[in-house]
Amino acid sequence: MRFPNVLECIVIIAIVFVLIGQLLPSPYEGEGREVETKMKTWRPGPDIPIAETNLLSSDVDLNGEWKRGGTHSRCIITISGNNVAEIYQVEFFGRWGLWQTTATRNGSRLTLAEPVAENSETIFDTLWIIRVGNDEFLVPMARTEEFNKARAAKDWLWDNIPFGRRI
């Protein structure tokens with residue numbers, strides 16, 4: 001009887017690890033269930049205004065892709081629609097999948113028909129539309145307080161909080 005050589009042993013061990021990995025639940029599976037549960041019972045909190053009201057912008061063309069890639073998660077919002085009627089189709093892609101909904105704009109506020117989950121702690125249905133210099137951002141209502149604090153502290157990482165697109 002022939003024993004496997006070193007290379008064959010490595011291949012066998014790798015195959016065993018892959019098979020075991022397929023049988024184990026995803027480390028994010030529990031958090032995914034937590035998000036689903038929170039989404040079912042989520043209700044919007046009180047409005048938290050942007051402290052620097054001069055940043056609010058009602059003339060931003062919302063169509064296109066908006067990205068957020070801070071330390072918490074990587075998410076993309078894609079918006080298409082009619083800037084005149086101010087009704088939009090919104091696709092939100094985050095850690096927990098893809099949400100598709102509609103949104104309406106009222107000045108510098110974009111309200112989604114259904115909430116979306118950025119992560120297990122950040123669920124929102126409203127975004128503030130702002131402009132800082134030549135850059136445009138969407139700040140989730142659930143992150144407004146964090147955004148205000150970072151801007152007040154002159155924290156240079158404040159732009160990790162909103163979704164942005166630089167023009």
# chains A, B, ... in the order shown; residues from 1 in each chain; ligands from 1
>>> residues_around(residues="range 86-97 of chain A", least_positions_apart="5", cutoff="6 Å", atoms="only C-alpha atoms", output="PyMOL selection string")
chain A and resi 75-81+102-105+118
>>> write_last_selection(atoms="N, CA and C atoms", output="PDB file, in the first residue's frame")
ATOM      1  N   CYS A  75     -21.232  50.459   1.343  1.00  0.00           N
ATOM      2  CA  CYS A  75     -22.585  50.474   0.808  1.00  0.00           C
ATOM      3  C   CYS A  75     -22.653  51.366  -0.419  1.00  0.00           C
ATOM      4  N   ILE A  76     -23.615  51.064  -1.277  1.00  0.00           N
ATOM      5  CA  ILE A  76     -23.832  51.863  -2.482  1.00  0.00           C
ATOM      6  C   ILE A  76     -25.319  52.148  -2.612  1.00  0.00           C
ATOM      7  N   ILE A  77     -25.642  53.388  -2.936  1.00  0.00           N
ATOM      8  CA  ILE A  77     -27.012  53.774  -3.260  1.00  0.00           C
ATOM      9  C   ILE A  77     -27.004  54.220  -4.719  1.00  0.00           C
ATOM     10  N   THR A  78     -27.868  53.623  -5.520  1.00  0.00           N
ATOM     11  CA  THR A  78     -28.013  54.043  -6.912  1.00  0.00           C
ATOM     12  C   THR A  78     -29.391  54.659  -7.061  1.00  0.00           C
ATOM     13  N   ILE A  79     -29.426  55.876  -7.574  1.00  0.00           N
ATOM     14  CA  ILE A  79     -30.690  56.616  -7.694  1.00  0.00           C
ATOM     15  C   ILE A  79     -30.919  56.956  -9.161  1.00  0.00           C
ATOM     16  N   SER A  80     -32.148  56.730  -9.602  1.00  0.00           N
ATOM     17  CA  SER A  80     -32.536  57.157 -10.946  1.00  0.00           C
ATOM     18  C   SER A  80     -33.954  57.692 -10.866  1.00  0.00           C
ATOM     19  N   GLY A  81     -34.219  58.709 -11.641  1.00  0.00           N
ATOM     20  CA  GLY A  81     -35.573  59.243 -11.600  1.00  0.00           C
ATOM     21  C   GLY A  81     -35.657  60.612 -12.210  1.00  0.00           C
ATOM     22  N   THR A 102     -38.707  53.116  -3.660  1.00  0.00           N
ATOM     23  CA  THR A 102     -38.853  54.420  -4.297  1.00  0.00           C
ATOM     24  C   THR A 102     -38.565  55.483  -3.242  1.00  0.00           C
ATOM     25  N   ALA A 103     -38.374  56.709  -3.711  1.00  0.00           N
ATOM     26  CA  ALA A 103     -38.100  57.809  -2.783  1.00  0.00           C
ATOM     27  C   ALA A 103     -38.695  59.088  -3.344  1.00  0.00           C
ATOM     28  N   THR A 104     -39.029  59.983  -2.444  1.00  0.00           N
ATOM     29  CA  THR A 104     -39.494  61.313  -2.853  1.00  0.00           C
ATOM     30  C   THR A 104     -38.584  62.343  -2.206  1.00  0.00           C
ATOM     31  N   ARG A 105     -38.443  63.439  -2.914  1.00  0.00           N
ATOM     32  CA  ARG A 105     -37.586  64.509  -2.440  1.00  0.00           C
ATOM     33  C   ARG A 105     -38.439  65.698  -2.037  1.00  0.00           C
ATOM     34  N   GLU A 118     -28.103  49.595   6.749  1.00  0.00           N
ATOM     35  CA  GLU A 118     -26.680  49.687   6.413  1.00  0.00           C
ATOM     36  C   GLU A 118     -25.915  48.594   7.159  1.00  0.00           C
TER      37      GLU A 118
END
>>> residues_around(residues="range 155-159 of chain A", least_positions_apart="2", cutoff="10 Å", atoms="only C-alpha atoms", output="list in words")
Arg68, Gly69, Gly70, Val132, Phe137, Val139, Glu146, Phe147, Asn148, Lys149, Ala150, Arg151, Ala152, Ala153, Ile161, Pro162, Phe163 and Gly164 of chain A
>>> write_last_selection(atoms="N, CA and C atoms", output="compact mmCIF listing (two decimals), in the first residue's frame")
# COMPACT_ATOMS: atom_id res chain seq x y z
N ARG A 68 -20.49 54.79 0.19
CA ARG A 68 -19.99 55.02 1.54
C ARG A 68 -19.05 53.88 1.86
N GLY A 69 -17.86 54.23 2.31
CA GLY A 69 -16.89 53.19 2.59
C GLY A 69 -16.07 53.47 3.82
N GLY A 70 -16.73 53.81 4.90
CA GLY A 70 -16.01 54.07 6.15
C GLY A 70 -15.64 52.78 6.83
N VAL A 132 -20.73 70.14 0.39
CA VAL A 132 -19.58 70.71 1.11
C VAL A 132 -18.55 71.05 0.05
N PHE A 137 -23.19 65.01 -0.81
CA PHE A 137 -23.32 63.88 0.10
C PHE A 137 -24.79 63.64 0.47
N VAL A 139 -26.65 62.16 3.82
CA VAL A 139 -26.42 61.78 5.22
C VAL A 139 -27.66 61.05 5.74
N GLU A 146 -24.04 61.74 14.67
CA GLU A 146 -22.62 61.40 14.52
C GLU A 146 -21.94 62.38 13.53
N PHE A 147 -22.63 62.68 12.44
CA PHE A 147 -22.11 63.63 11.44
C PHE A 147 -21.92 65.01 12.06
N ASN A 148 -22.94 65.50 12.77
CA ASN A 148 -22.86 66.82 13.40
C ASN A 148 -21.68 66.90 14.38
N LYS A 149 -21.51 65.86 15.20
CA LYS A 149 -20.42 65.85 16.18
C LYS A 149 -19.06 65.87 15.50
N ALA A 150 -18.91 65.07 14.44
CA ALA A 150 -17.63 65.00 13.72
C ALA A 150 -17.31 66.34 13.06
N ARG A 151 -18.31 66.97 12.47
CA ARG A 151 -18.08 68.27 11.83
C ARG A 151 -17.73 69.33 12.89
N ALA A 152 -18.43 69.32 14.03
CA ALA A 152 -18.18 70.31 15.08
C ALA A 152 -16.78 70.13 15.67
N ALA A 153 -16.31 68.90 15.75
CA ALA A 153 -14.99 68.61 16.30
C ALA A 153 -13.90 68.79 15.25
N ILE A 161 -18.93 59.25 7.11
CA ILE A 161 -20.29 59.05 7.63
C ILE A 161 -21.33 59.06 6.51
N PRO A 162 -21.34 60.08 5.63
CA PRO A 162 -22.37 60.09 4.60
C PRO A 162 -21.99 59.31 3.35
N PHE A 163 -22.97 59.10 2.48
CA PHE A 163 -22.73 58.57 1.14
C PHE A 163 -22.29 59.74 0.28
N GLY A 164 -21.29 59.55 -0.53
CA GLY A 164 -20.80 60.69 -1.30
C GLY A 164 -20.50 60.36 -2.74
>>> select_by_dssp(residues="chain A", states="helix (DSSP H, G or I)", output="JSON, numbers by chain")
{"A": [6, 7, 8, 9, 10, 11, 12, 13, 14, 15, 16, 17, 18, 19, 20, 21, 22, 23, 29, 30, 31, 32, 33, 34, 35, 36, 37, 38, 39, 40, 41, 53, 54, 55, 141, 142, 143, 144, 145, 146, 147, 148, 149, 150, 151, 152, 158, 159, 160]}
>>> write_last_selection(atoms="C-alpha atoms", output="JSON list (two decimals), in the first residue's frame")
[["chain", "number", "residue", "atom", "x", "y", "z"],
["A", 6, "VAL", "CA", 3.50, 15.66, 0.99],
["A", 7, "LEU", "CA", 1.73, 17.41, -1.91],
["A", 8, "GLU", "CA", -1.12, 14.90, -1.90],
["A", 9, "CYS", "CA", -1.49, 15.32, 1.89],
["A", 10, "ILE", "CA", -1.72, 19.10, 1.50],
["A", 11, "VAL", "CA", -4.40, 18.72, -1.20],
["A", 12, "ILE", "CA", -6.39, 16.27, 0.95],
["A", 13, "ILE", "CA", -6.20, 18.59, 3.97],
["A", 14, "ALA", "CA", -7.29, 21.57, 1.84],
["A", 15, "ILE", "CA", -10.28, 19.62, 0.50],
["A", 16, "VAL", "CA", -11.28, 18.63, 4.06],
["A", 17, "PHE", "CA", -11.09, 22.29, 5.19],
["A", 18, "VAL", "CA", -13.23, 23.43, 2.24],
["A", 19, "LEU", "CA", -15.84, 20.76, 2.96],
["A", 20, "ILE", "CA", -15.93, 21.65, 6.66],
["A", 21, "GLY", "CA", -16.23, 25.33, 5.75],
["A", 22, "GLN", "CA", -19.26, 24.58, 3.58],
["A", 23, "LEU", "CA", -20.99, 22.84, 6.48],
["A", 29, "GLU", "CA", -25.68, 34.56, 9.63],
["A", 30, "GLY", "CA", -26.70, 35.48, 13.18],
["A", 31, "GLU", "CA", -26.22, 39.18, 12.48],
["A", 32, "GLY", "CA", -28.24, 38.81, 9.27],
["A", 33, "ARG", "CA", -31.16, 37.37, 11.24],
["A", 34, "GLU", "CA", -30.78, 40.21, 13.75],
["A", 35, "VAL", "CA", -31.06, 42.75, 10.92],
["A", 36, "GLU", "CA", -34.16, 41.04, 9.52],
["A", 37, "THR", "CA", -35.80, 41.10, 12.96],
["A", 38, "LYS", "CA", -34.92, 44.76, 13.54],
["A", 39, "MET", "CA", -36.22, 45.70, 10.08],
["A", 40, "LYS", "CA", -39.63, 44.20, 10.91],
["A", 41, "THR", "CA", -40.04, 46.26, 14.07],
["A", 53, "THR", "CA", -27.91, 74.41, 7.77],
["A", 54, "ASN", "CA", -25.82, 76.16, 5.11],
["A", 55, "LEU", "CA", -24.72, 72.69, 3.93],
["A", 141, "MET", "CA", -30.97, 60.45, 9.36],
["A", 142, "ALA", "CA", -29.70, 57.67, 11.67],
["A", 143, "ARG", "CA", -26.17, 59.08, 11.35],
["A", 144, "THR", "CA", -26.97, 62.80, 11.57],
["A", 145, "GLU", "CA", -25.94, 63.16, 15.20],
["A", 146, "GLU", "CA", -22.62, 61.40, 14.52],
["A", 147, "PHE", "CA", -22.11, 63.63, 11.44],
["A", 148, "ASN", "CA", -22.86, 66.82, 13.40],
["A", 149, "LYS", "CA", -20.42, 65.85, 16.18],
["A", 150, "ALA", "CA", -17.63, 65.00, 13.72],
["A", 151, "ARG", "CA", -18.08, 68.27, 11.83],
["A", 152, "ALA", "CA", -18.18, 70.31, 15.08],
["A", 158, "TRP", "CA", -16.45, 63.22, 8.95],
["A", 159, "ASP", "CA", -16.82, 62.28, 5.28],
["A", 160, "ASN", "CA", -16.79, 58.56, 6.17]]
>>> closest_residue(among="A:Arg74, A:Val84, A:Arg131, A:Pro46", to="Ala117 in chain A", atoms="only C-alpha atoms")
A:Arg74
>>> select_by_dssp(residues="range 5-110 of chain A", states="strand (DSSP E or B)", output="PDB file with N, CA and C atoms, in the first residue's frame")
ATOM      1  N   LEU A  56     -27.105  72.230   3.663  1.00  0.00           N
ATOM      2  CA  LEU A  56     -28.268  71.611   3.019  1.00  0.00           C
ATOM      3  C   LEU A  56     -28.416  72.146   1.602  1.00  0.00           C
ATOM      4  N   GLY A  64     -27.572  58.823 -10.091  1.00  0.00           N
ATOM      5  CA  GLY A  64     -26.221  58.274 -10.122  1.00  0.00           C
ATOM      6  C   GLY A  64     -25.933  57.397  -8.931  1.00  0.00           C
ATOM      7  N   GLU A  65     -24.655  57.101  -8.768  1.00  0.00           N
ATOM      8  CA  GLU A  65     -24.211  56.191  -7.719  1.00  0.00           C
ATOM      9  C   GLU A  65     -23.577  56.967  -6.573  1.00  0.00           C
ATOM     10  N   TRP A  66     -23.989  56.636  -5.362  1.00  0.00           N
ATOM     11  CA  TRP A  66     -23.478  57.252  -4.137  1.00  0.00           C
ATOM     12  C   TRP A  66     -22.845  56.147  -3.306  1.00  0.00           C
ATOM     13  N   LYS A  67     -21.625  56.366  -2.817  1.00  0.00           N
ATOM     14  CA  LYS A  67     -20.908  55.317  -2.097  1.00  0.00           C
ATOM     15  C   LYS A  67     -20.546  55.769  -0.694  1.00  0.00           C
ATOM     16  N   ARG A  68     -20.492  54.790   0.188  1.00  0.00           N
ATOM     17  CA  ARG A  68     -19.993  55.018   1.539  1.00  0.00           C
ATOM     18  C   ARG A  68     -19.050  53.884   1.865  1.00  0.00           C
ATOM     19  N   CYS A  75     -21.232  50.459   1.343  1.00  0.00           N
ATOM     20  CA  CYS A  75     -22.585  50.474   0.808  1.00  0.00           C
ATOM     21  C   CYS A  75     -22.653  51.366  -0.419  1.00  0.00           C
ATOM     22  N   ILE A  76     -23.615  51.064  -1.277  1.00  0.00           N
ATOM     23  CA  ILE A  76     -23.832  51.863  -2.482  1.00  0.00           C
ATOM     24  C   ILE A  76     -25.319  52.148  -2.612  1.00  0.00           C
ATOM     25  N   ILE A  77     -25.642  53.388  -2.936  1.00  0.00           N
ATOM     26  CA  ILE A  77     -27.012  53.774  -3.260  1.00  0.00           C
ATOM     27  C   ILE A  77     -27.004  54.220  -4.719  1.00  0.00           C
ATOM     28  N   THR A  78     -27.868  53.623  -5.520  1.00  0.00           N
ATOM     29  CA  THR A  78     -28.013  54.043  -6.912  1.00  0.00           C
ATOM     30  C   THR A  78     -29.391  54.659  -7.061  1.00  0.00           C
ATOM     31  N   ILE A  79     -29.426  55.876  -7.574  1.00  0.00           N
ATOM     32  CA  ILE A  79     -30.690  56.616  -7.694  1.00  0.00           C
ATOM     33  C   ILE A  79     -30.919  56.956  -9.161  1.00  0.00           C
ATOM     34  N   SER A  80     -32.148  56.730  -9.602  1.00  0.00           N
ATOM     35  CA  SER A  80     -32.536  57.157 -10.946  1.00  0.00           C
ATOM     36  C   SER A  80     -33.954  57.692 -10.866  1.00  0.00           C
ATOM     37  N   GLY A  81     -34.219  58.709 -11.641  1.00  0.00           N
ATOM     38  CA  GLY A  81     -35.573  59.243 -11.600  1.00  0.00           C
ATOM     39  C   GLY A  81     -35.657  60.612 -12.210  1.00  0.00           C
ATOM     40  N   ASN A  82     -36.734  61.257 -11.888  1.00  0.00           N
ATOM     41  CA  ASN A  82     -37.080  62.525 -12.489  1.00  0.00           C
ATOM     42  C   ASN A  82     -36.833  63.651 -11.494  1.00  0.00           C
ATOM     43  N   ILE A  87     -39.457  62.217  -7.904  1.00  0.00           N
ATOM     44  CA  ILE A  87     -39.765  60.837  -7.522  1.00  0.00           C
ATOM     45  C   ILE A  87     -38.657  59.969  -8.116  1.00  0.00           C
ATOM     46  N   TYR A  88     -38.080  59.090  -7.301  1.00  0.00           N
ATOM     47  CA  TYR A  88     -36.899  58.340  -7.711  1.00  0.00           C
ATOM     48  C   TYR A  88     -37.040  56.851  -7.429  1.00  0.00           C
ATOM     49  N   GLN A  89     -36.318  56.054  -8.217  1.00  0.00           N
ATOM     50  CA  GLN A  89     -36.124  54.632  -7.952  1.00  0.00           C
ATOM     51  C   GLN A  89     -34.780  54.529  -7.228  1.00  0.00           C
ATOM     52  N   VAL A  90     -34.747  53.768  -6.153  1.00  0.00           N
ATOM     53  CA  VAL A  90     -33.534  53.673  -5.350  1.00  0.00           C
ATOM     54  C   VAL A  90     -33.161  52.208  -5.167  1.00  0.00           C
ATOM     55  N   GLU A  91     -31.888  51.914  -5.412  1.00  0.00           N
ATOM     56  CA  GLU A  91     -31.333  50.598  -5.095  1.00  0.00           C
ATOM     57  C   GLU A  91     -30.270  50.823  -4.032  1.00  0.00           C
ATOM     58  N   PHE A  92     -30.367  50.079  -2.964  1.00  0.00           N
ATOM     59  CA  PHE A  92     -29.406  50.195  -1.870  1.00  0.00           C
ATOM     60  C   PHE A  92     -28.733  48.842  -1.715  1.00  0.00           C
ATOM     61  N   PHE A  93     -27.421  48.813  -1.885  1.00  0.00           N
ATOM     62  CA  PHE A  93     -26.672  47.575  -1.722  1.00  0.00           C
ATOM     63  C   PHE A  93     -25.754  47.709  -0.523  1.00  0.00           C
ATOM     64  N   GLY A  94     -25.970  46.859   0.452  1.00  0.00           N
ATOM     65  CA  GLY A  94     -25.163  46.864   1.667  1.00  0.00           C
ATOM     66  C   GLY A  94     -24.757  45.452   2.033  1.00  0.00           C
ATOM     67  N   GLY A  97     -27.443  42.690   1.558  1.00  0.00           N
ATOM     68  CA  GLY A  97     -28.103  42.440   0.292  1.00  0.00           C
ATOM     69  C   GLY A  97     -28.574  43.706  -0.391  1.00  0.00           C
ATOM     70  N   LEU A  98     -29.522  43.508  -1.278  1.00  0.00           N
ATOM     71  CA  LEU A  98     -30.016  44.593  -2.116  1.00  0.00           C
ATOM     72  C   LEU A  98     -31.457  44.912  -1.742  1.00  0.00           C
ATOM     73  N   TRP A  99     -31.724  46.194  -1.508  1.00  0.00           N
ATOM     74  CA  TRP A  99     -33.080  46.677  -1.290  1.00  0.00           C
ATOM     75  C   TRP A  99     -33.443  47.567  -2.468  1.00  0.00           C
ATOM     76  N   GLN A 100     -34.643  47.428  -2.957  1.00  0.00           N
ATOM     77  CA  GLN A 100     -35.147  48.309  -4.012  1.00  0.00           C
ATOM     78  C   GLN A 100     -36.407  48.982  -3.500  1.00  0.00           C
ATOM     79  N   THR A 101     -36.459  50.291  -3.660  1.00  0.00           N
ATOM     80  CA  THR A 101     -37.605  51.042  -3.176  1.00  0.00           C
ATOM     81  C   THR A 101     -37.733  52.321  -3.996  1.00  0.00           C
ATOM     82  N   THR A 102     -38.707  53.116  -3.660  1.00  0.00           N
ATOM     83  CA  THR A 102     -38.853  54.420  -4.297  1.00  0.00           C
ATOM     84  C   THR A 102     -38.565  55.483  -3.242  1.00  0.00           C
ATOM     85  N   ALA A 103     -38.374  56.709  -3.711  1.00  0.00           N
ATOM     86  CA  ALA A 103     -38.100  57.809  -2.783  1.00  0.00           C
ATOM     87  C   ALA A 103     -38.695  59.088  -3.344  1.00  0.00           C
ATOM     88  N   THR A 104     -39.029  59.983  -2.444  1.00  0.00           N
ATOM     89  CA  THR A 104     -39.494  61.313  -2.853  1.00  0.00           C
ATOM     90  C   THR A 104     -38.584  62.343  -2.206  1.00  0.00           C
ATOM     91  N   ARG A 105     -38.443  63.439  -2.914  1.00  0.00           N
ATOM     92  CA  ARG A 105     -37.586  64.509  -2.440  1.00  0.00           C
ATOM     93  C   ARG A 105     -38.439  65.698  -2.037  1.00  0.00           C
ATOM     94  N   ASN A 106     -38.096  66.252  -0.885  1.00  0.00           N
ATOM     95  CA  ASN A 106     -38.735  67.476  -0.420  1.00  0.00           C
ATOM     96  C   ASN A 106     -37.602  68.421  -0.020  1.00  0.00           C
ATOM     97  N   ARG A 109     -34.242  66.980   1.552  1.00  0.00           N
ATOM     98  CA  ARG A 109     -34.555  65.737   2.272  1.00  0.00           C
ATOM     99  C   ARG A 109     -35.067  64.690   1.282  1.00  0.00           C
ATOM    100  N   LEU A 110     -34.486  63.488   1.321  1.00  0.00           N
ATOM    101  CA  LEU A 110     -34.915  62.378   0.478  1.00  0.00           C
ATOM    102  C   LEU A 110     -35.508  61.315   1.390  1.00  0.00           C
TER     103      LEU A 110
END
>>> atom_distance(atom1="CA of Ile129 in chain A", atom2="CA of Ser57 in chain A")
5.7 Å
>>> residues_around(residues="Pro140 in chain A", least_positions_apart="6", cutoff="9 Å", atoms="only C-alpha atoms", output="list in words")
Thr122, Ile123, Phe124, Asp125, Thr126, Leu127, Trp128, Ile161, Pro162 and Phe163 of chain A
